[in-house]
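> See start16.txt below, with compact mmCIF, C-alpha atoms and all ligand atoms.
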# COMPACT_ATOMS: atom_id res chain seq x y z
CA MET A 1 0.00 0.00 0.00
CA LEU A 2 1.09 3.55 -0.60
CA PRO A 3 1.44 5.65 2.51
CA MET A 4 -1.91 7.36 3.04
CA ARG A 5 -0.23 10.59 4.13
CA ALA A 6 1.34 11.05 0.70
CA ALA A 7 -2.00 10.65 -1.06
CA LYS A 8 -3.68 13.04 1.34
CA SER A 9 -1.20 15.87 0.88
CA LEU A 10 -1.41 15.41 -2.86
CA ILE A 11 -5.17 15.47 -3.10
CA THR A 12 -5.70 18.36 -0.73
CA ARG A 13 -3.40 20.49 -2.86
CA LEU A 14 -5.05 19.71 -6.15
CA PRO A 15 -6.86 22.54 -7.89
CA GLY A 16 -10.58 22.85 -8.39
CA PRO A 17 -11.37 20.19 -10.97
CA VAL A 18 -10.16 17.31 -8.84
CA ARG A 19 -11.98 18.60 -5.77
CA GLU A 20 -15.22 18.40 -7.67
CA PRO A 21 -17.68 15.83 -6.31
CA VAL A 22 -15.71 12.65 -6.76
CA SER A 23 -18.27 10.95 -8.94
CA ARG A 24 -17.24 13.49 -11.57
CA LEU A 25 -13.61 12.41 -11.75
CA GLY A 26 -14.51 9.85 -14.40
CA ASP A 27 -16.10 12.65 -16.43
CA LEU A 28 -13.01 14.78 -16.07
CA VAL A 29 -10.76 12.02 -17.30
CA SER A 30 -13.21 11.26 -20.08
CA GLY A 31 -12.58 14.75 -21.40
CA THR A 32 -8.87 14.03 -21.74
CA ILE A 33 -6.83 12.11 -24.29
CA LEU A 34 -6.84 8.87 -22.25
CA PRO A 35 -10.11 7.31 -23.48
CA ARG A 36 -9.23 8.13 -27.08
CA CYS A 37 -5.81 6.49 -26.64
CA VAL A 38 -7.39 3.38 -25.12
CA GLU A 39 -9.80 3.21 -28.05
CA ARG A 40 -7.01 3.57 -30.61
CA LEU A 41 -4.85 1.00 -28.85
CA TYR A 42 -7.66 -1.54 -28.74
CA GLU A 43 -8.17 -0.96 -32.47
CA GLU A 44 -4.49 -1.73 -33.00
CA PHE A 45 -4.88 -4.90 -30.93
CA ASP A 46 -7.84 -5.95 -33.06
CA GLY A 47 -5.88 -5.25 -36.23
CA ALA A 48 -3.09 -7.51 -34.96
CA GLY A 49 -5.58 -10.27 -34.06
CA MET A 50 -5.62 -9.57 -30.29
CA THR A 51 -9.37 -9.26 -30.12
CA ARG A 52 -9.67 -10.53 -26.51
CA PHE A 53 -6.63 -8.80 -25.04
CA ARG A 54 -7.88 -5.83 -23.03
CA PRO A 55 -5.44 -4.59 -20.36
CA ARG A 56 -6.85 -1.90 -18.06
CA PHE A 57 -5.39 1.57 -18.11
CA GLU A 58 -6.08 3.21 -14.76
CA PRO A 59 -5.88 6.97 -14.28
CA SER A 60 -3.90 7.05 -11.08
CA LEU A 61 -3.69 9.72 -8.40
CA THR A 62 -0.37 8.29 -7.36
CA TRP A 63 2.85 8.72 -9.26
CA ILE A 64 3.19 5.07 -10.15
CA VAL A 65 3.63 4.62 -13.87
CA GLY A 66 3.36 1.44 -15.84
CA CYS A 67 2.07 -2.09 -15.81
CA LEU A 68 2.07 -3.63 -12.36
CA GLY A 69 4.15 -6.80 -12.27
CA GLY A 70 2.17 -9.91 -13.10
CA THR A 71 -1.10 -8.04 -13.74
CA MET A 72 -2.96 -6.41 -16.61
CA TYR A 73 -3.32 -3.10 -14.74
CA VAL A 74 -1.45 -0.12 -16.12
CA GLU A 75 -1.15 2.97 -13.94
CA LEU A 76 -1.09 6.34 -15.68
CA PRO A 77 -0.98 9.44 -13.48
CA VAL A 78 -3.93 11.77 -14.06
CA PHE A 79 -1.50 14.68 -13.87
CA TRP A 80 -0.39 13.91 -17.39
CA PHE A 81 -3.78 14.68 -18.89
CA HIS A 82 -4.57 18.19 -17.78
CA PRO A 83 -2.26 21.26 -17.81
CA GLU A 84 -3.54 22.53 -14.47
CA TRP A 85 -3.04 19.19 -12.74
CA ALA A 86 0.43 18.91 -14.30
CA ARG A 87 1.32 22.34 -12.96
CA VAL A 88 0.28 21.45 -9.41
CA ALA A 89 2.09 18.13 -9.58
CA LYS A 90 5.24 19.99 -10.61
CA GLU A 91 4.78 22.49 -7.77
CA ILE A 92 4.85 19.70 -5.25
CA GLY A 93 7.88 18.12 -6.85
CA ARG A 94 6.23 15.42 -8.94
CA GLY A 95 7.08 15.49 -12.60
CA ASP A 96 8.15 18.28 -14.89
CA GLY A 97 4.75 19.77 -15.67
CA ARG A 98 4.57 17.86 -18.92
CA VAL A 99 1.18 17.17 -20.44
CA PHE A 100 1.17 14.23 -22.81
CA ASP A 101 -0.06 14.54 -26.35
CA GLU A 102 -2.05 11.69 -27.86
CA GLU A 103 0.79 10.16 -29.90
CA SER A 104 3.25 10.14 -26.98
CA LEU A 105 0.76 8.65 -24.56
CA LEU A 106 -0.19 6.01 -27.08
CA ALA A 107 3.47 5.11 -27.62
CA LEU A 108 3.93 4.64 -23.88
CA MET A 109 0.76 2.57 -23.68
CA ARG A 110 2.00 0.25 -26.44
CA HIS A 111 5.08 -0.49 -24.38
CA GLU A 112 3.08 -1.06 -21.18
CA ALA A 113 0.66 -3.29 -23.08
CA GLY A 114 3.67 -5.42 -24.00
CA HIS A 115 4.23 -6.14 -20.31
CA ALA A 116 0.55 -6.91 -19.76
CA PHE A 117 0.53 -9.28 -22.74
CA ASN A 118 3.64 -11.07 -21.48
CA TYR A 119 2.07 -11.61 -18.03
CA ALA A 120 -1.42 -12.42 -19.32
CA TYR A 121 -0.34 -15.22 -21.63
CA ARG A 122 2.76 -16.19 -19.60
CA VAL A 123 4.97 -15.79 -22.63
CA TYR A 124 7.98 -15.49 -20.33
CA ASP A 125 7.60 -19.15 -19.29
CA GLU A 126 8.16 -20.49 -22.78
CA GLU A 127 11.28 -21.88 -24.35
CA PRO A 128 11.43 -19.58 -27.41
CA PHE A 129 11.11 -16.58 -25.08
CA ARG A 130 13.97 -17.87 -22.95
CA SER A 131 16.24 -18.46 -25.88
CA LEU A 132 15.51 -15.08 -27.50
CA PHE A 133 15.14 -12.77 -24.50
CA VAL A 134 16.80 -14.45 -21.48
CA LYS A 135 19.70 -16.53 -22.77
CA GLY A 136 22.95 -14.64 -22.41
CA HIS A 137 21.33 -11.79 -20.46
CA ARG A 138 23.29 -10.46 -17.50
CA LEU A 139 20.32 -11.42 -15.27
CA GLU A 140 19.95 -14.94 -16.67
CA ARG A 141 21.12 -16.62 -13.46
CA ASP A 142 19.00 -14.34 -11.29
CA ILE A 143 15.95 -15.16 -13.38
CA ALA A 144 16.61 -18.91 -13.06
CA ARG A 145 17.09 -18.60 -9.30
CA LYS A 146 14.46 -16.04 -8.27
CA GLY A 147 11.86 -16.23 -11.03
CA PHE A 148 11.10 -13.91 -13.92
CA LEU A 149 9.25 -11.11 -12.11
CA GLU A 150 11.19 -11.39 -8.85
CA SER A 151 14.49 -10.86 -10.65
CA TYR A 152 13.55 -7.33 -11.69
CA PRO A 153 16.26 -4.86 -10.67
CA THR A 154 15.01 -2.24 -8.21
CA GLY A 155 16.37 0.81 -6.42
CA PRO A 156 19.62 2.33 -7.65
CA ALA A 157 20.29 -0.69 -9.91
CA TYR A 158 17.24 0.41 -11.89
CA GLY A 159 17.81 4.17 -11.91
CA LEU A 160 21.46 4.01 -12.87
CA PHE A 161 21.04 1.61 -15.74
CA ASP A 162 22.67 2.87 -18.88
CA ALA A 163 23.89 0.64 -21.71
CA PRO A 164 25.22 1.40 -25.18
CA HIS A 165 22.78 0.66 -27.97
CA HIS A 166 22.99 -2.85 -29.26
CA PRO A 167 21.55 -4.33 -32.47
CA ASP A 168 19.78 -7.10 -30.54
CA PHE A 169 17.43 -4.59 -28.95
CA ALA A 170 14.68 -2.16 -29.98
CA ASP A 171 14.80 1.32 -28.47
CA TYR A 172 11.19 2.35 -28.93
CA LEU A 173 10.62 4.50 -25.82
CA GLU A 174 13.87 6.36 -26.23
CA ARG A 175 13.22 7.20 -29.88
CA HIS A 176 9.80 8.54 -28.90
CA GLY A 177 11.30 10.81 -26.24
CA LEU A 178 9.76 8.79 -23.41
CA CYS A 179 12.80 7.35 -21.69
CA GLU A 180 16.07 8.94 -20.73
CA ILE A 181 17.70 5.65 -19.83
CA ARG A 182 19.87 4.54 -22.72
CA GLY A 183 19.55 0.90 -23.79
CA TYR A 184 16.40 0.49 -21.72
CA ALA A 185 15.42 -2.81 -23.37
CA GLN A 186 18.60 -4.30 -21.95
CA LEU A 187 17.54 -3.63 -18.38
CA HIS A 188 15.52 -6.85 -18.12
CA PRO A 189 14.06 -9.35 -20.63
CA ASP A 190 10.64 -8.02 -19.60
CA GLU A 191 11.55 -4.55 -20.92
CA ASP A 192 13.09 -6.13 -23.99
CA PHE A 193 9.81 -7.90 -24.79
CA ALA A 194 7.76 -4.73 -24.13
CA GLU A 195 10.00 -2.69 -26.45
CA THR A 196 9.79 -5.35 -29.15
CA PHE A 197 6.01 -5.60 -28.73
CA ALA A 198 5.58 -1.81 -29.07
CA THR A 199 7.79 -1.79 -32.16
CA ARG A 200 5.75 -4.58 -33.72
CA LEU A 201 2.42 -2.96 -32.86
CA ASP A 202 3.02 0.65 -33.89
CA PRO A 203 1.65 1.09 -37.43
CA ALA A 204 3.89 4.12 -37.98
CA GLU A 205 7.06 2.24 -37.12
CA ASP A 206 9.20 1.87 -40.23
CA ILE A 207 11.32 -0.94 -38.88
CA THR A 208 13.62 -1.48 -41.82
CA ARG A 209 14.41 2.23 -42.03
CA VAL A 210 15.01 2.75 -38.32
CA TYR A 211 17.11 -0.34 -37.82
CA ALA A 212 18.49 -0.90 -41.32
CA PRO A 213 22.22 -0.66 -40.57
CA GLU A 214 21.92 -3.16 -37.74
CA TRP A 215 19.24 -5.35 -39.20
CA SER A 216 21.12 -8.41 -40.27
CA ARG A 217 23.52 -8.54 -37.34
CA GLY A 218 21.26 -8.72 -34.33
CA LYS A 219 18.51 -10.80 -32.81
CA LEU A 220 15.87 -8.13 -33.25
CA PRO A 221 14.31 -9.51 -36.46
CA LYS A 222 13.90 -12.89 -34.75
CA LYS A 223 12.36 -11.27 -31.70
CA LEU A 224 9.92 -9.33 -33.87
CA ALA A 225 8.98 -12.49 -35.75
CA TYR A 226 8.37 -14.24 -32.44
CA VAL A 227 6.16 -11.39 -31.17
CA SER A 228 4.20 -11.51 -34.43
CA GLU A 229 3.60 -15.18 -33.75
CA VAL A 230 2.56 -14.91 -30.09
CA VAL A 231 0.14 -12.01 -30.57
CA ALA A 232 -2.25 -14.54 -32.14
CA ARG A 233 -2.96 -15.68 -28.57
CA GLY A 234 -4.67 -12.40 -27.95
CA ALA A 235 -7.66 -13.86 -29.81
CA GLN A 236 -8.27 -15.94 -26.65
CA ASP A 237 -9.30 -14.73 -23.22
CA PRO A 238 -6.23 -14.72 -21.01
CA PRO A 239 -6.37 -16.91 -17.89
CA PRO A 240 -7.20 -15.00 -14.69
CA LEU A 241 -4.27 -13.13 -13.22
CA PRO A 242 -3.59 -12.26 -9.62
CA GLY A 243 -4.41 -8.69 -8.67
CA PRO A 244 -1.78 -6.16 -7.68
CA ASP A 245 -0.14 -6.95 -4.36
CA GLU A 246 -0.13 -4.62 -1.37
CA GLU A 247 3.29 -3.23 -2.18
CA THR A 248 1.98 -1.69 -5.36
CA ALA A 249 -0.48 1.11 -5.95
CA ILE A 250 -3.57 1.62 -3.88
CA ALA A 251 -5.31 2.70 -7.06
CA SER A 252 -4.77 -0.69 -8.62
CA TRP A 253 -5.84 -2.56 -5.57
CA ILE A 254 -9.09 -0.64 -5.61
CA ALA A 255 -9.47 -1.19 -9.32
CA GLN A 256 -9.32 -4.91 -8.68
CA HIS A 257 -11.52 -5.09 -5.59
CA HIS A 258 -13.91 -2.27 -6.38
CA PRO A 259 -14.01 -2.18 -10.17
CA GLU A 260 -17.17 -0.08 -10.04
CA ARG A 261 -15.53 2.73 -8.11
CA HIS A 262 -12.75 5.12 -8.98
CA VAL A 263 -9.84 5.39 -6.62
CA ILE A 264 -10.91 8.77 -5.35
CA ASP A 265 -14.34 7.46 -4.33
CA VAL A 266 -12.65 5.05 -1.97
CA LEU A 267 -9.91 7.38 -0.83
CA ALA A 268 -12.17 10.34 -0.18
CA PRO A 269 -13.77 9.10 3.07
CA GLU A 270 -10.29 8.24 4.37
CA LEU A 271 -9.20 11.76 3.60
CA GLY A 272 -12.25 13.51 4.98
CA LEU A 273 -13.20 14.87 1.56
CA ALA A 274 -16.80 15.51 0.60
CA VAL A 275 -18.17 12.89 -1.73
ZN ZN B 1 8.50 -1.22 -19.28
Have the structure of the file written as structure tokens, please.


Amino acid sequence: MLPMRAAKSLITRLPGPVREPVSRLGDLVSGTILPRCVERLYEEFDGAGMTRFRPRFEPSLTWIVGCLGGTMYVELPVFWFHPEWARVAKEIGRGDGRVFDEESLLALMRHEAGHAFNYAYRVYDEEPFRSLFVKGHRLERDIARKGFLESYPTGPAYGLFDAPHHPDFADYLERHGLCEIRGYAQLHPDEDFAETFATRLDPAEDITRVYAPEWSRGKLPKKLAYVSEVVARGAQDPPPLPGPDEETAIASWIAQHHPERHVIDVLAPELGLAV
């Protein structure tokens, strides 16, 4: 669980729109680019044959970003969708005041969807995945010992990661101005898969142009071919996944246990806010 104090100080400093009666938060988000991006992404899934793959994109009041490990819940801070919210978030030291445009948000969502797909269909448990994404990786032994998700580097090991570009890896987020960590796909095979998935999914991605000089030397074409093959599973309902654990975002926990209510509806009584 996130510390309640942090959420409280954040919410009480938000400007007018978020202090509206909480039942209206859904309406506020519906006026932003998020629903349009979800719609466009689902259309892309359908076009790629993933007609039953529907990860949930949760507007989060926390600052957690991304797909929660082992789930199909993707946290996206609401502060990205409204200039006034972004300004307040910056004032309290969260973020740089950036408001996402539709193309950037969609690019990020493609990457996060790659994680959700990997977890949903347990692609990471399969032999071709191991040979393409895990074999030879610096974390290979960790992954064998601790498990795929548990081997994820955290803390400073995560923040300080910086690797030279390598022809085995896509660099989708970085090329879209969404990641300042160089060689991000090399951080963990999970990131590698998500970057490859986003590259495969994006209809505007001109793969042979972007990667032409490196094309024949690396593993990337094989990885892309493998992703093209596994996306066919998205025509089936994924098996049920565990919900987010208590170490992750309160927003996601609520999304799982109270799917009918937005996070703020549940948080508000705790915070003494009018509902
Ligand atoms: Zn990622």

> For stretch 35-38 of chain A, find every residue with an atom within 12 Å (counting all atoms listed in the file), except residues of its own chain fewer than 4 positions away, and show them as a ChimeraX atom specification.

/A:26-31,42-45,54-59,74,76,81,100-110,113

> For the residues in the current selection, export C-alpha atoms as a PDB file, keeping the file's coordinate frame.


ATOM      1  CA  GLY A  26     -14.510   9.850 -14.400  1.00  0.00           C
ATOM      2  CA  ASP A  27     -16.100  12.650 -16.430  1.00  0.00           C
ATOM      3  CA  LEU A  28     -13.010  14.780 -16.070  1.00  0.00           C
ATOM      4  CA  VAL A  29     -10.760  12.020 -17.300  1.00  0.00           C
ATOM      5  CA  SER A  30     -13.210  11.260 -20.080  1.00  0.00           C
ATOM      6  CA  GLY A  31     -12.580  14.750 -21.400  1.00  0.00           C
ATOM      7  CA  TYR A  42      -7.660  -1.540 -28.740  1.00  0.00           C
ATOM      8  CA  GLU A  43      -8.170  -0.960 -32.470  1.00  0.00           C
ATOM      9  CA  GLU A  44      -4.490  -1.730 -33.000  1.00  0.00           C
ATOM     10  CA  PHE A  45      -4.880  -4.900 -30.930  1.00  0.00           C
ATOM     11  CA  ARG A  54      -7.880  -5.830 -23.030  1.00  0.00           C
ATOM     12  CA  PRO A  55      -5.440  -4.590 -20.360  1.00  0.00           C
ATOM     13  CA  ARG A  56      -6.850  -1.900 -18.060  1.00  0.00           C
ATOM     14  CA  PHE A  57      -5.390   1.570 -18.110  1.00  0.00           C
ATOM     15  CA  GLU A  58      -6.080   3.210 -14.760  1.00  0.00           C
ATOM     16  CA  PRO A  59      -5.880   6.970 -14.280  1.00  0.00           C
ATOM     17  CA  VAL A  74      -1.450  -0.120 -16.120  1.00  0.00           C
ATOM     18  CA  LEU A  76      -1.090   6.340 -15.680  1.00  0.00           C
ATOM     19  CA  PHE A  81      -3.780  14.680 -18.890  1.00  0.00           C
ATOM     20  CA  PHE A 100       1.170  14.230 -22.810  1.00  0.00           C
ATOM     21  CA  ASP A 101      -0.060  14.540 -26.350  1.00  0.00           C
ATOM     22  CA  GLU A 102      -2.050  11.690 -27.860  1.00  0.00           C
ATOM     23  CA  GLU A 103       0.790  10.160 -29.900  1.00  0.00           C
ATOM     24  CA  SER A 104       3.250  10.140 -26.980  1.00  0.00           C
ATOM     25  CA  LEU A 105       0.760   8.650 -24.560  1.00  0.00           C
ATOM     26  CA  LEU A 106      -0.190   6.010 -27.080  1.00  0.00           C
ATOM     27  CA  ALA A 107       3.470   5.110 -27.620  1.00  0.00           C
ATOM     28  CA  LEU A 108       3.930   4.640 -23.880  1.00  0.00           C
ATOM     29  CA  MET A 109       0.760   2.570 -23.680  1.00  0.00           C
ATOM     30  CA  ARG A 110       2.000   0.250 -26.440  1.00  0.00           C
ATOM     31  CA  ALA A 113       0.660  -3.290 -23.080  1.00  0.00           C
TER      32      ALA A 113
END

> Produce a table with one row for each residue of chain A that has an atom at most 7 Å from any atom of ligand ZN 1 (chain B), each row naming the nearest atom pair and its distance in Å at one decimal; use all atoms listed in the file; arrange rows by chain and rising residue number; format as a tab-separated table.


residue	atom	partner	partner_atom	distance
A:Gly66	CA	B:ZN1	ZN	6.7
A:His111	CA	B:ZN1	ZN	6.2
A:Glu112	CA	B:ZN1	ZN	5.7
A:His115	CA	B:ZN1	ZN	6.6
A:Glu191	CA	B:ZN1	ZN	4.8
A:Ala194	CA	B:ZN1	ZN	6.0

> Quick one: distance from atom CA of A:Pro164 to atom CA of A:Gly114 in Å, one decimal?

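Interatomic distance here is 22.6 Å.
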
> For A:Asp192, work out the shell of residues within 12 Å, counting all atoms listed in the file and skipping chain neighbours fewer than 2 positions away, then give it as a compact mmCIF listing (two decimals) with C-alpha atoms, keeping the file's coordinate frame.


# COMPACT_ATOMS: atom_id res chain seq x y z
CA HIS A 111 5.08 -0.49 -24.38
CA GLU A 112 3.08 -1.06 -21.18
CA GLY A 114 3.67 -5.42 -24.00
CA HIS A 115 4.23 -6.14 -20.31
CA ASN A 118 3.64 -11.07 -21.48
CA TYR A 124 7.98 -15.49 -20.33
CA PHE A 129 11.11 -16.58 -25.08
CA ARG A 130 13.97 -17.87 -22.95
CA LEU A 132 15.51 -15.08 -27.50
CA PHE A 133 15.14 -12.77 -24.50
CA VAL A 134 16.80 -14.45 -21.48
CA HIS A 137 21.33 -11.79 -20.46
CA HIS A 166 22.99 -2.85 -29.26
CA ASP A 168 19.78 -7.10 -30.54
CA PHE A 169 17.43 -4.59 -28.95
CA ALA A 170 14.68 -2.16 -29.98
CA ASP A 171 14.80 1.32 -28.47
CA TYR A 172 11.19 2.35 -28.93
CA LEU A 173 10.62 4.50 -25.82
CA GLY A 183 19.55 0.90 -23.79
CA TYR A 184 16.40 0.49 -21.72
CA ALA A 185 15.42 -2.81 -23.37
CA GLN A 186 18.60 -4.30 -21.95
CA LEU A 187 17.54 -3.63 -18.38
CA HIS A 188 15.52 -6.85 -18.12
CA PRO A 189 14.06 -9.35 -20.63
CA ASP A 190 10.64 -8.02 -19.60
CA ALA A 194 7.76 -4.73 -24.13
CA GLU A 195 10.00 -2.69 -26.45
CA THR A 196 9.79 -5.35 -29.15
CA PHE A 197 6.01 -5.60 -28.73
CA ALA A 198 5.58 -1.81 -29.07
CA THR A 199 7.79 -1.79 -32.16
CA LYS A 219 18.51 -10.80 -32.81
CA LEU A 220 15.87 -8.13 -33.25
CA LYS A 223 12.36 -11.27 -31.70
CA LEU A 224 9.92 -9.33 -33.87
CA VAL A 227 6.16 -11.39 -31.17

> Taking only C-alpha atoms into account, which of A:Pro83, A:Pro221, A:Pro239, A:Pro128 comes nearest A:Thr208?

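Smallest separation from A:Thr208 among the options: A:Pro221.
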
> Contacts of A:Val65 at 9 Å or less, counting only C-alpha atoms, minus same-chain residues fewer than 3 places along, as a VMD selection string?

chain A and resid 60 62 68 74 to 77

> Taking all atoms of stretch 108-125 of chain A that the file lists, what box with edges along x, y and z, padded by 5 Å per side, do you get, with centre and edge lengths in Å to one decimal, as AutoDock Vina command-line options?


--center_x 3.3 --center_y -7.3 --center_z -22.2 --size_x 19.4 --size_y 33.8 --size_z 18.4

> Can you work out the spacing between atom CA of A:Ala116 and atom CA of A:Gln236 in Å, to one decimal?

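Answer for the atom CA of A:Ala116 to atom CA of A:Gln236 separation: 14.4 Å.
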
> So what do you get for atom CA of A:Phe148 versus atom CA of A:Val231, distance-wise?

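These two atoms are separated by 20.0 Å.
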
> Give me, as a list in words, all polymer residues having an atom no more than 7 Å from A:Ala86, counting only C-alpha atoms and skipping those fewer than 3 positions away in the same chain.

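Surrounding residues, per the criterion: Phe79, Trp80, His82, Pro83, Ala89, Lys90, Gly97, Arg98 and Val99 of chain A.
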
> Looking at only C-alpha atoms, which of A:Ala163, A:Glu126, A:Leu41, A:Thr154 is the one that sits closest to A:Arg138?

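Between A:Ala163, A:Glu126, A:Leu41, A:Thr154, the residue approaching A:Arg138 most closely is A:Ala163.
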
> Please rebuild stretch 46-69 of chain A with N, CA and C atoms and return the result as a compact mmCIF listing (two decimals), in the frame of the given file.


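Below you can see rebuild11.txt, which holds the result:
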# COMPACT_ATOMS: atom_id res chain seq x y z
N ASP A 46 -6.93 -5.22 -32.17
CA ASP A 46 -7.84 -5.95 -33.06
C ASP A 46 -7.19 -6.18 -34.42
N GLY A 47 -6.54 -5.14 -34.93
CA GLY A 47 -5.88 -5.25 -36.23
C GLY A 47 -4.78 -6.30 -36.23
N ALA A 48 -4.17 -6.51 -35.06
CA ALA A 48 -3.09 -7.51 -34.96
C ALA A 48 -3.64 -8.88 -34.54
N GLY A 49 -4.97 -8.98 -34.42
CA GLY A 49 -5.58 -10.27 -34.06
C GLY A 49 -5.80 -10.45 -32.56
N MET A 50 -5.47 -9.43 -31.75
CA MET A 50 -5.62 -9.57 -30.29
C MET A 50 -7.00 -9.07 -29.85
N THR A 51 -8.02 -9.76 -30.32
CA THR A 51 -9.37 -9.26 -30.12
C THR A 51 -9.88 -9.45 -28.69
N ARG A 52 -9.23 -10.31 -27.89
CA ARG A 52 -9.67 -10.53 -26.51
C ARG A 52 -8.68 -9.98 -25.49
N PHE A 53 -7.65 -9.35 -25.95
CA PHE A 53 -6.63 -8.80 -25.04
C PHE A 53 -7.01 -7.37 -24.69
N ARG A 54 -7.40 -7.15 -23.44
CA ARG A 54 -7.88 -5.83 -23.03
C ARG A 54 -7.30 -5.43 -21.67
N PRO A 55 -6.01 -5.06 -21.64
CA PRO A 55 -5.44 -4.59 -20.36
C PRO A 55 -6.17 -3.33 -19.90
N ARG A 56 -6.16 -3.09 -18.59
CA ARG A 56 -6.85 -1.90 -18.06
C ARG A 56 -5.86 -0.78 -17.82
N PHE A 57 -6.23 0.39 -18.31
CA PHE A 57 -5.39 1.57 -18.11
C PHE A 57 -6.08 2.44 -17.07
N GLU A 58 -5.46 2.54 -15.90
CA GLU A 58 -6.08 3.21 -14.76
C GLU A 58 -5.52 4.62 -14.59
N PRO A 59 -6.38 5.64 -14.62
CA PRO A 59 -5.88 6.97 -14.28
C PRO A 59 -5.57 6.98 -12.79
N SER A 60 -4.34 7.20 -12.46
CA SER A 60 -3.90 7.05 -11.08
C SER A 60 -3.65 8.41 -10.43
N LEU A 61 -4.02 8.51 -9.16
CA LEU A 61 -3.69 9.72 -8.40
C LEU A 61 -2.32 9.59 -7.75
N THR A 62 -1.72 8.46 -7.88
CA THR A 62 -0.37 8.29 -7.36
C THR A 62 0.61 8.61 -8.48
N TRP A 63 1.87 8.45 -8.22
CA TRP A 63 2.85 8.72 -9.26
C TRP A 63 3.42 7.43 -9.83
N ILE A 64 2.74 6.34 -9.60
CA ILE A 64 3.19 5.07 -10.15
C ILE A 64 2.83 5.04 -11.63
N VAL A 65 3.82 4.66 -12.43
CA VAL A 65 3.63 4.62 -13.87
C VAL A 65 3.92 3.21 -14.36
N GLY A 66 3.04 2.68 -15.16
CA GLY A 66 3.36 1.44 -15.84
C GLY A 66 2.52 0.27 -15.42
N CYS A 67 2.82 -0.86 -16.06
CA CYS A 67 2.07 -2.09 -15.81
C CYS A 67 2.58 -2.71 -14.52
N LEU A 68 1.67 -3.03 -13.62
CA LEU A 68 2.07 -3.63 -12.36
C LEU A 68 2.46 -5.08 -12.59
N GLY A 69 3.58 -5.48 -12.01
CA GLY A 69 4.15 -6.80 -12.27
C GLY A 69 3.15 -7.93 -12.13
